[in-house]
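Text of final00.cif (mmCIF, C-alpha atoms) as supplied:
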data_protein
loop_
_atom_site.label_atom_id
_atom_site.label_comp_id
_atom_site.auth_asym_id
_atom_site.auth_seq_id
_atom_site.Cartn_x
_atom_site.Cartn_y
_atom_site.Cartn_z
CA MET A 1 58.79 56.17 43.36
CA PHE A 2 61.79 54.37 44.88
CA SER A 3 59.90 51.08 45.03
CA THR A 4 58.94 51.44 41.36
CA ILE A 5 62.55 52.01 40.33
CA TRP A 6 63.68 49.17 42.64
CA SER A 7 61.19 46.69 41.22
CA GLN A 8 62.11 47.62 37.65
CA TYR A 9 65.89 47.60 38.03
CA LYS A 10 66.39 45.23 40.97
CA ALA A 11 69.32 43.28 39.52
CA THR A 12 71.11 46.34 38.12
CA LEU A 13 70.76 48.24 41.39
CA THR A 14 71.94 45.21 43.38
CA VAL A 15 75.08 44.92 41.25
CA PHE A 16 75.65 48.68 41.55
CA LEU A 17 75.28 48.49 45.35
CA VAL A 18 77.66 45.53 45.55
CA LEU A 19 80.26 47.42 43.50
CA LEU A 20 79.72 50.51 45.68
CA VAL A 21 80.26 48.47 48.84
CA ILE A 22 83.47 47.00 47.34
CA VAL A 23 84.77 50.51 46.52
CA VAL A 24 83.91 51.81 50.01
CA LEU A 25 85.57 48.79 51.65
CA GLU A 26 88.66 49.37 49.53
CA VAL A 27 88.84 53.13 50.17
CA LEU A 28 88.38 52.68 53.91
CA GLN A 29 91.01 49.90 53.82
CA VAL A 30 88.54 47.49 55.41
CA ARG A 31 89.66 44.69 53.09
CA ALA A 32 93.28 45.20 54.11
CA ALA A 33 92.20 45.01 57.76
CA ILE A 34 90.05 41.89 57.24
CA TYR A 35 92.67 40.01 55.20
CA PRO A 36 95.03 39.06 58.11
CA SER A 37 92.06 37.87 60.17
CA LEU A 38 91.27 35.27 57.48
CA LEU A 39 94.55 33.42 58.05
CA PRO A 40 93.30 31.52 61.15
CA ALA A 41 90.29 30.33 59.13
CA PHE A 42 92.60 28.98 56.43
CA GLU A 43 94.86 27.35 59.04
CA TRP A 44 91.79 25.82 60.71
CA LEU A 45 90.59 24.49 57.33
CA LYS A 46 93.90 22.72 56.77
CA ASN A 47 94.77 21.55 60.28
CA SER A 48 91.44 20.94 62.02
CA THR A 49 88.92 19.71 59.44
CA PRO A 50 88.45 16.25 57.88
CA LEU A 51 88.94 17.86 54.45
CA GLY A 52 92.34 19.23 55.43
CA TYR A 53 93.31 15.92 57.01
CA ILE A 54 92.34 13.86 53.93
CA GLY A 55 93.92 16.42 51.58
CA THR A 56 97.26 16.37 53.39
CA THR A 57 97.34 12.64 54.22
CA TYR A 58 96.01 10.86 51.13
CA GLY A 59 97.71 12.16 47.99
CA SER A 60 95.75 9.88 45.68
CA ILE A 61 92.40 11.18 46.98
CA TYR A 62 93.64 14.75 46.67
CA ALA A 63 94.75 14.17 43.04
CA THR A 64 91.44 12.48 42.20
CA VAL A 65 89.44 15.41 43.57
CA GLN A 66 91.74 17.75 41.60
CA ALA A 67 90.81 15.78 38.46
CA MET A 68 87.11 16.10 39.37
CA HIS A 69 87.63 19.84 39.79
CA LEU A 70 89.21 19.98 36.32
CA LEU A 71 86.31 18.00 34.84
CA ALA A 72 83.76 20.29 36.51
CA MET A 73 85.61 23.36 35.23
CA GLY A 74 85.87 21.83 31.75
CA THR A 75 82.12 21.13 31.69
CA LEU A 76 81.37 24.60 33.04
CA GLY A 77 83.58 26.14 30.36
CA GLY A 78 81.88 24.15 27.63
CA LEU A 79 78.45 25.28 28.81
CA VAL A 80 79.55 28.92 29.07
CA LEU A 81 81.06 28.84 25.58
CA THR A 82 78.02 27.11 24.05
CA THR A 83 75.61 29.65 25.57
CA ASP A 84 77.72 32.73 24.93
CA LEU A 85 78.74 31.79 21.38
CA ARG A 86 75.02 31.33 20.64
CA LEU A 87 74.31 34.76 22.12
CA LEU A 88 77.07 36.15 19.88
CA GLY A 89 75.47 34.43 16.88
CA VAL A 90 78.55 32.28 16.20
CA MET A 91 76.85 28.90 16.47
CA PHE A 92 73.40 27.30 16.81
CA ARG A 93 72.06 30.16 14.67
CA ASN A 94 69.01 28.08 13.67
CA THR A 95 68.09 27.41 17.31
CA PRO A 96 66.49 30.22 19.35
CA SER A 97 68.99 31.62 21.86
CA GLU A 98 66.31 31.36 24.59
CA VAL A 99 66.29 27.57 24.13
CA ILE A 100 70.08 27.31 24.42
CA SER A 101 70.48 29.70 27.38
CA ASN A 102 67.62 28.13 29.35
CA GLY A 103 68.59 24.58 28.38
CA THR A 104 72.19 24.93 29.59
CA HIS A 105 71.54 26.95 32.76
CA LYS A 106 70.58 24.00 35.00
CA ALA A 107 73.68 22.05 33.95
CA PHE A 108 75.74 25.22 34.49
CA LYS A 109 74.51 25.41 38.09
CA VAL A 110 75.35 21.74 38.69
CA ALA A 111 78.85 22.19 37.18
CA LEU A 112 79.41 25.34 39.26
CA ILE A 113 78.38 23.59 42.50
CA ALA A 114 80.66 20.63 41.63
CA ALA A 115 83.55 23.01 40.87
CA VAL A 116 83.04 24.93 44.14
CA LEU A 117 82.74 21.79 46.31
CA THR A 118 85.80 20.11 44.79
CA GLY A 119 87.59 23.48 44.89
CA ILE A 120 87.00 23.78 48.66
CA PHE A 121 88.55 20.33 49.11
CA CYS A 122 91.54 21.30 46.94
CA VAL A 123 92.05 24.49 48.98
CA ALA A 124 91.75 22.63 52.30
CA GLY A 125 94.85 20.53 51.58
CA VAL A 126 97.05 23.57 50.87
CA ALA A 127 95.10 26.33 52.66
CA ASP A 128 98.11 27.87 54.41
CA LYS A 129 99.92 28.05 51.04
CA VAL A 130 97.18 29.48 48.80
CA TYR A 131 96.33 32.14 51.40
CA TYR A 132 99.57 33.94 50.48
CA MET A 133 99.06 33.62 46.68
CA PRO A 134 97.69 36.76 45.00
CA VAL A 135 96.54 34.60 42.06
CA PHE A 136 94.30 32.56 44.42
CA TRP A 137 92.52 35.74 45.48
CA VAL A 138 92.22 36.79 41.83
CA LYS A 139 90.46 33.48 41.18
CA MET A 140 88.13 33.91 44.18
CA LEU A 141 87.28 37.45 43.12
CA ALA A 142 86.69 36.37 39.50
CA LEU A 143 84.52 33.48 40.74
CA ALA A 144 82.42 35.84 42.89
CA VAL A 145 82.10 38.31 40.00
CA GLY A 146 81.25 35.50 37.55
CA ALA A 147 78.56 34.00 39.81
CA ALA A 148 77.08 37.42 40.61
CA PHE A 149 77.11 38.32 36.92
CA VAL A 150 75.32 35.13 35.88
CA PHE A 151 72.70 35.05 38.65
CA LEU A 152 72.09 38.78 39.12
CA VAL A 153 72.57 40.21 35.64
CA LYS A 154 72.75 37.75 32.76
CA GLN A 155 70.02 35.22 33.56
CA PRO A 156 67.50 37.76 34.93
CA LEU A 157 67.90 39.87 31.80
CA LEU A 158 67.77 36.91 29.40
CA ASN A 159 64.64 35.60 31.15
CA SER A 160 62.95 39.00 31.36
CA LYS A 161 61.80 39.18 27.72
CA PRO A 162 62.30 37.57 24.30
CA HIS A 163 65.94 38.04 23.27
CA SER A 164 64.83 39.76 20.06
CA GLU A 165 63.49 42.61 22.23
CA ILE A 166 66.83 43.14 24.02
CA ASN A 167 69.39 45.46 22.46
CA PRO A 168 71.74 43.10 20.53
CA TRP A 169 74.82 45.02 21.73
CA ILE A 170 73.81 44.40 25.35
CA ILE A 171 73.50 40.69 24.59
CA ARG A 172 76.88 40.63 22.82
CA GLY A 173 78.49 42.61 25.64
CA MET A 174 77.11 40.19 28.21
CA ALA A 175 78.35 37.18 26.26
CA ILE A 176 81.87 38.60 25.88
CA THR A 177 81.97 39.64 29.55
CA SER A 178 80.84 36.16 30.58
CA ILE A 179 83.52 34.43 28.46
CA LEU A 180 86.25 36.75 29.80
CA VAL A 181 85.22 36.37 33.46
CA TRP A 182 85.03 32.56 33.34
CA PHE A 183 88.27 32.37 31.37
CA THR A 184 89.89 34.44 34.15
CA VAL A 185 88.56 31.98 36.74
CA ALA A 186 90.00 29.01 34.83
CA ALA A 187 93.32 30.65 33.90
CA SER A 188 94.00 31.96 37.43
CA GLY A 189 93.13 28.50 38.75
CA ARG A 190 95.70 26.98 36.43
CA TRP A 191 98.25 29.56 37.54
CA ILE A 192 97.80 28.56 41.20
CA GLY A 193 99.49 25.29 40.22
CA PHE A 194 102.55 27.14 38.93
CA SER A 195 102.95 29.46 41.92
CA MET B 1 111.54 -5.33 24.15
CA ILE B 2 108.89 -2.63 23.60
CA ASN B 3 109.93 -0.93 26.84
CA GLU B 4 113.58 -0.83 25.70
CA LEU B 5 112.59 0.64 22.33
CA LEU B 6 110.35 3.25 23.97
CA LEU B 7 113.13 4.20 26.39
CA GLN B 8 115.62 4.56 23.52
CA PHE B 9 113.10 6.70 21.65
CA GLY B 10 112.62 8.84 24.77
CA GLN B 11 116.36 9.24 25.24
CA TRP B 12 116.74 10.22 21.57
CA MET B 13 114.03 12.88 21.98
CA GLU B 14 115.55 14.14 25.21
CA ALA B 15 118.87 14.69 23.43
CA GLN B 16 117.20 17.03 20.92
CA GLN B 17 118.01 20.71 21.31
CA TYR B 18 114.34 21.81 21.11
CA SER B 19 113.33 19.36 23.84
CA GLN B 20 115.92 20.85 26.18
CA MET B 21 114.85 24.38 25.21
CA LEU B 22 111.23 23.63 26.19
CA VAL B 23 112.25 22.52 29.68
CA ALA B 24 114.90 25.22 30.15
CA GLY B 25 112.43 27.99 29.39
CA TYR B 26 110.28 27.99 32.54
CA TYR B 27 107.46 29.94 30.94
CA SER B 28 107.41 27.91 27.71
CA TYR B 29 106.62 24.71 29.64
CA SER B 30 104.10 26.48 31.88
CA TRP B 31 102.33 28.05 28.90
CA LEU B 32 102.15 24.68 27.17
CA GLU B 33 100.72 23.06 30.28
CA ALA B 34 98.24 25.90 30.82
CA THR B 35 97.06 25.77 27.19
CA HIS B 36 96.74 21.98 27.38
CA VAL B 37 94.57 22.17 30.50
CA LEU B 38 92.52 25.24 29.56
CA THR B 39 91.59 23.75 26.18
CA LEU B 40 89.65 21.15 28.19
CA MET B 41 86.88 23.72 28.33
CA VAL B 42 86.53 23.57 24.55
CA SER B 43 87.21 19.88 23.87
CA ILE B 44 85.81 18.01 26.88
CA GLY B 45 83.25 20.77 27.44
CA SER B 46 81.79 20.28 23.95
CA LEU B 47 82.06 16.49 24.09
CA PHE B 48 80.29 16.29 27.46
CA ILE B 49 77.43 18.47 26.18
CA ILE B 50 76.95 16.04 23.25
CA ASP B 51 77.03 13.07 25.66
CA PHE B 52 74.67 14.77 28.13
CA ARG B 53 72.24 15.46 25.27
CA MET B 54 72.28 11.80 24.23
CA LEU B 55 71.43 10.86 27.82
CA GLY B 56 68.63 13.43 27.92
CA TRP B 57 70.25 15.47 30.69
CA ILE B 58 70.52 18.71 28.73
CA LEU B 59 68.77 20.60 25.91
CA PRO B 60 66.14 17.88 25.36
CA ASN B 61 64.16 20.18 23.06
CA VAL B 62 67.06 20.62 20.61
CA SER B 63 67.60 17.74 18.18
CA ALA B 64 70.55 15.51 19.05
CA SER B 65 72.01 15.79 15.55
CA THR B 66 71.97 19.61 15.75
CA ILE B 67 73.92 19.51 19.04
CA ALA B 68 76.40 16.97 17.68
CA ASP B 69 76.87 18.80 14.34
CA ARG B 70 77.33 22.28 15.80
CA LEU B 71 79.69 21.23 18.59
CA HIS B 72 81.76 18.90 16.43
CA LYS B 73 83.98 21.65 15.00
CA PRO B 74 84.91 23.43 18.27
CA MET B 75 85.41 20.02 19.88
CA MET B 76 87.84 18.93 17.15
CA ILE B 77 89.70 22.26 17.31
CA GLY B 78 89.99 21.78 21.08
CA PHE B 79 91.29 18.24 20.73
CA ALA B 80 93.76 19.31 18.00
CA ILE B 81 95.23 21.95 20.33
CA MET B 82 95.32 19.44 23.18
CA PHE B 83 97.15 16.88 21.07
CA ILE B 84 99.72 19.40 19.81
CA THR B 85 100.38 20.78 23.32
CA GLY B 86 100.24 17.26 24.77
CA PHE B 87 102.84 16.05 22.28
CA LEU B 88 105.08 19.03 23.08
CA LEU B 89 104.74 18.32 26.82
CA VAL B 90 105.89 14.75 26.21
CA TYR B 91 108.65 16.03 23.88
CA ALA B 92 109.90 18.33 26.67
CA LYS B 93 110.20 15.51 29.23
CA PRO B 94 110.18 12.33 27.15
CA VAL B 95 111.96 9.78 29.37
CA GLU B 96 110.12 10.86 32.52
CA THR B 97 106.75 10.75 30.71
CA ILE B 98 107.32 7.51 28.81
CA GLN B 99 108.22 5.81 32.10
CA SER B 100 105.10 7.11 33.85
CA LEU B 101 102.50 4.43 34.58
CA TRP B 102 99.75 7.07 34.56
CA PHE B 103 100.79 8.37 31.15
CA ARG B 104 100.65 4.85 29.76
CA ILE B 105 97.18 4.21 31.21
CA LYS B 106 96.12 7.61 29.86
CA MET B 107 97.27 6.62 26.34
CA VAL B 108 95.35 3.32 26.54
CA LEU B 109 92.20 5.12 27.69
CA LEU B 110 92.70 7.71 24.94
CA VAL B 111 92.82 4.97 22.29
CA LEU B 112 89.70 3.34 23.79
CA ALA B 113 87.93 6.72 23.84
CA PHE B 114 88.68 7.24 20.15
CA ILE B 115 87.53 3.73 19.22
CA ASN B 116 84.33 4.42 21.18
CA ALA B 117 83.89 7.78 19.41
CA TRP B 118 84.36 6.12 16.03
CA ILE B 119 81.79 3.40 16.82
CA PHE B 120 79.44 6.03 18.29
CA ASN B 121 79.63 8.10 15.09
CA ALA B 122 79.05 5.03 12.92
CA LYS B 123 76.01 4.02 15.00
CA MET B 124 74.64 7.55 14.85
CA LYS B 125 74.92 7.64 11.07
CA ALA B 126 73.43 4.14 10.74
CA ALA B 127 70.43 4.87 12.97
CA ASP B 128 67.36 6.24 11.27
CA GLY B 129 66.53 9.80 12.26
CA ASN B 130 63.25 8.98 14.01
CA TRP B 131 64.80 9.42 17.47
CA ASP B 132 66.59 12.70 16.64
CA ASN B 133 63.98 14.87 18.34
CA ASP B 134 63.42 12.49 21.26
CA SER B 135 64.72 13.77 24.58
CA VAL B 136 66.75 10.58 25.05
CA ALA B 137 68.82 8.78 22.37
CA PRO B 138 68.39 5.01 21.64
CA ARG B 139 69.99 2.58 24.08
CA ASN B 140 73.10 1.78 22.00
CA LEU B 141 73.94 5.49 21.68
CA ARG B 142 73.32 6.06 25.38
CA VAL B 143 75.76 3.27 26.19
CA GLY B 144 78.29 4.96 23.87
CA ALA B 145 77.72 8.29 25.63
CA ILE B 146 78.24 6.77 29.09
CA LEU B 147 81.39 4.98 27.90
CA SER B 148 82.63 8.26 26.45
CA LEU B 149 82.05 10.07 29.77
CA VAL B 150 83.77 7.32 31.78
CA LEU B 151 86.76 7.06 29.43
CA TRP B 152 87.36 10.81 29.24
CA CYS B 153 87.01 11.16 33.02
CA GLY B 154 89.69 8.48 33.19
CA VAL B 155 91.90 10.30 30.68
CA VAL B 156 91.69 13.56 32.66
CA THR B 157 92.26 11.78 35.99
CA MET B 158 95.33 9.93 34.67
CA GLY B 159 96.61 13.22 33.24
CA ARG B 160 96.24 14.77 36.69
CA TYR B 161 98.16 11.85 38.26
CA ILE B 162 101.19 12.19 35.95
CA PRO B 163 103.01 14.86 38.07
CA TYR B 164 102.68 12.70 41.21
CA ASP B 165 105.58 10.33 41.94
CA TRP B 166 103.84 7.54 43.90
CA VAL B 167 104.82 4.82 41.42
CA ASP B 168 107.83 6.39 39.73
CA CYS B 169 110.61 3.97 38.76
CA ASP B 170 112.70 4.84 41.83
CA LYS B 171 109.73 4.67 44.24
CA THR B 172 108.53 1.10 43.78
CA GLN B 173 109.94 -2.42 43.87
CA ASN B 174 106.82 -4.07 42.45
CA SER B 175 107.95 -5.88 39.28
CA THR B 176 104.51 -5.70 37.61
CA ILE B 177 104.34 -1.93 38.09
CA LEU B 178 107.96 -1.54 36.96
CA TRP B 179 107.17 -3.54 33.80
CA ALA B 180 103.92 -1.65 33.14
CA ALA B 181 105.69 1.68 33.62
CA GLY B 182 108.61 0.60 31.41
CA CYS B 183 111.29 1.02 34.12
CA VAL B 184 113.92 -0.95 32.20
CA ASP B 185 116.95 -0.31 34.43
CA GLN B 186 115.06 -0.94 37.69
CA LEU B 187 113.65 -4.21 36.32
CA LYS B 188 117.17 -5.40 35.41
CA ALA B 189 118.41 -4.50 38.90
CA LEU B 190 115.75 -6.63 40.63
#

Go ahead and express the file in the form of structure tokens.
Amino acid sequence: MFSTIWSQYKATLTVFLVLLVIVVLEVLQVRAAIYPSLLPAFEWLKNSTPLGYIGTTYGSIYATVQAMHLLAMGTLGGLVLTTDLRLLGVMFRNTPSEVISNGTHKAFKVALIAAVLTGIFCVAGVADKVYYMPVFWVKMLALAVGAAFVFLVKQPLLNSKPHSEINPWIIRGMAITSILVWFTVAASGRWIGFS
Amino acid sequence: MINELLLQFGQWMEAQQYSQMLVAGYYSYSWLEATHVLTLMVSIGSLFIIDFRMLGWILPNVSASTIADRLHKPMMIGFAIMFITGFLLVYAKPVETIQSLWFRIKMVLLVLAFINAWIFNAKMKAADGNWDNDSVAPRNLRVGAILSLVLWCGVVTMGRYIPYDWVDCDKTQNSTILWAAGCVDQLKAL
């Protein structure tokens, strides 16, 4: 019986378990205990890695990678908006939503990888600074939620059956959630620059 | 001559009450900057999808004209917001921005990007629709798409460089850079 339920609702149960683990970690104050132990890793990233060395020594390279990060985030945002606005029925109404969501997903993955790689470089140069910024952790959390949402919930559901067979309110809810999560990632990223 | 005129124009703007208000209000400037950058997702995001489609990298089974038509409106809204916020950012710090080498290169690239977009649109309208459903656009449109990607990457990169002070007027003695950045007083002092 359990295996039947698991095979049918794998993604949903995975997300539920992840959320449950987060709640348990929070209640048991495990996160608060882990947090200070991450500081050496951030200091190592800045002081002992080539990324940290380049980021702190060559300002022009750091700024160029920042621009690449912006471009990756801009592309990612455009792909998210195109897909989600189609799912909401705002644009591309004459094109099946399956075509748009499948057609943009590969580029989304490339943009996400580019954003993460350039983001790691950007963090390396100022790792000991961002560690103390709450807004940096908001961005990391939003990024983890966004990636988990796309790969564990949104895409599996959209690929599971024709979109016409999925409850339209679930599709709309997913699209709005996706826009809000990725907007949070971008906005908190922008706010790191102000902090 | 042009540099002197631009500097005078910048100084005139800087003397305006609203310009000073934008800088004095910490959050007003930050909000403008945040809106300017976040709108990239709408403007550049839409533009890059159109360019990627022309190159056959994305949505090859959707006609190129459908992609271009549907994304044109959000792209233009995005660019309109970027221009308004961009103008206000310059208005808030006019002298500093006008004498930034990166800002000047950004403006040149911006003009080139718009000329390229105009030519691209003209070529797209002139081409017969036979290629519309092909996964890759004709060569002349692909060249336009690559130019568009390169120019806008340059615009964003120059925009990112503006806050850095490597070649600010008081940081360099190179007369060519001082002239290109419009550092009138520093050039006279050389």

Neighbour list for Ser175 of chain B as a PyMOL selection string, cut-off 8 Å, only C-alpha atoms, skip fewer than 3 positions in-chain: chain B and resi 178-179+187+190

To verify the selection step, state as a VMD selection string which residues the PyMOL selection byres ((chain B) within 6 of (chain A)) yields on this input. chain B and resid 40 to 42 45 to 46 59 157 160

Could you list, as a PyMOL selection string, every residue matched by the PyMOL selection byres ((chain A and resi 42) around 9) in this structure? chain A and resi 38-41+43-47+123-124+126-128+130-131

For the selection you just gave me, I'd like the residues written to a file as an mmCIF file, in the frame of the given file, keeping C-alpha atoms.
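Ended up saving to result-v2.cif:
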data_model
loop_
_atom_site.group_PDB
_atom_site.id
_atom_site.type_symbol
_atom_site.label_atom_id
_atom_site.label_comp_id
_atom_site.auth_asym_id
_atom_site.auth_seq_id
_atom_site.Cartn_x
_atom_site.Cartn_y
_atom_site.Cartn_z
ATOM 1 C CA LEU A 38 91.270 35.270 57.480
ATOM 2 C CA LEU A 39 94.550 33.420 58.050
ATOM 3 C CA PRO A 40 93.300 31.520 61.150
ATOM 4 C CA ALA A 41 90.290 30.330 59.130
ATOM 5 C CA GLU A 43 94.860 27.350 59.040
ATOM 6 C CA TRP A 44 91.790 25.820 60.710
ATOM 7 C CA LEU A 45 90.590 24.490 57.330
ATOM 8 C CA LYS A 46 93.900 22.720 56.770
ATOM 9 C CA ASN A 47 94.770 21.550 60.280
ATOM 10 C CA VAL A 123 92.050 24.490 48.980
ATOM 11 C CA ALA A 124 91.750 22.630 52.300
ATOM 12 C CA VAL A 126 97.050 23.570 50.870
ATOM 13 C CA ALA A 127 95.100 26.330 52.660
ATOM 14 C CA ASP A 128 98.110 27.870 54.410
ATOM 15 C CA VAL A 130 97.180 29.480 48.800
ATOM 16 C CA TYR A 131 96.330 32.140 51.400
#

Starting from the displayed file, determine the output of the PyMOL selection byres ((chain B and resi 5) around 12) and express the residue list as an MDAnalysis selection string. chainID B and resid 1:4 6:12 95 98:99 182:184

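The two atoms in question, atom CA of Lys154 of chain A and atom CA of Thr177 of chain A, are spaced 9.9 Å apart.
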
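Here atom CA of Val90 of chain A is placed at a distance of 14.3 Å from atom CA of Thr66 of chain B.
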
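When atom CA of Lys129 of chain A is paired with atom CA of Thr56 of chain A, their separation reads 12.2 Å.
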
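Comparing the minimum interatomic distances between Leu47 of chain B and each of B:Ser148, B:Ser65, B:Asn140, B:Thr172, counting all atoms listed in the file, we find that B:Ser148 sits nearest.
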
Distance query Phe114 of chain B at most 10 Å, only C-alpha atoms, self and fewer than 5 positions along chain excluded, as a ChimeraX atom specification: /B:109,119-120,148,151-152

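Counting all atoms listed in the file and comparing B:Val150, B:Ile105, B:Val156, B:Val136, the residue that lies closest to Ile177 of chain B is B:Ile105.
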
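Taking all atoms listed in the file, the non-local environment of Ile50 of chain B within 8 Å (same-chain residues fewer than 6 positions away omitted) comprises B:Ala64, B:Ile67, B:Ala68, B:Leu71.
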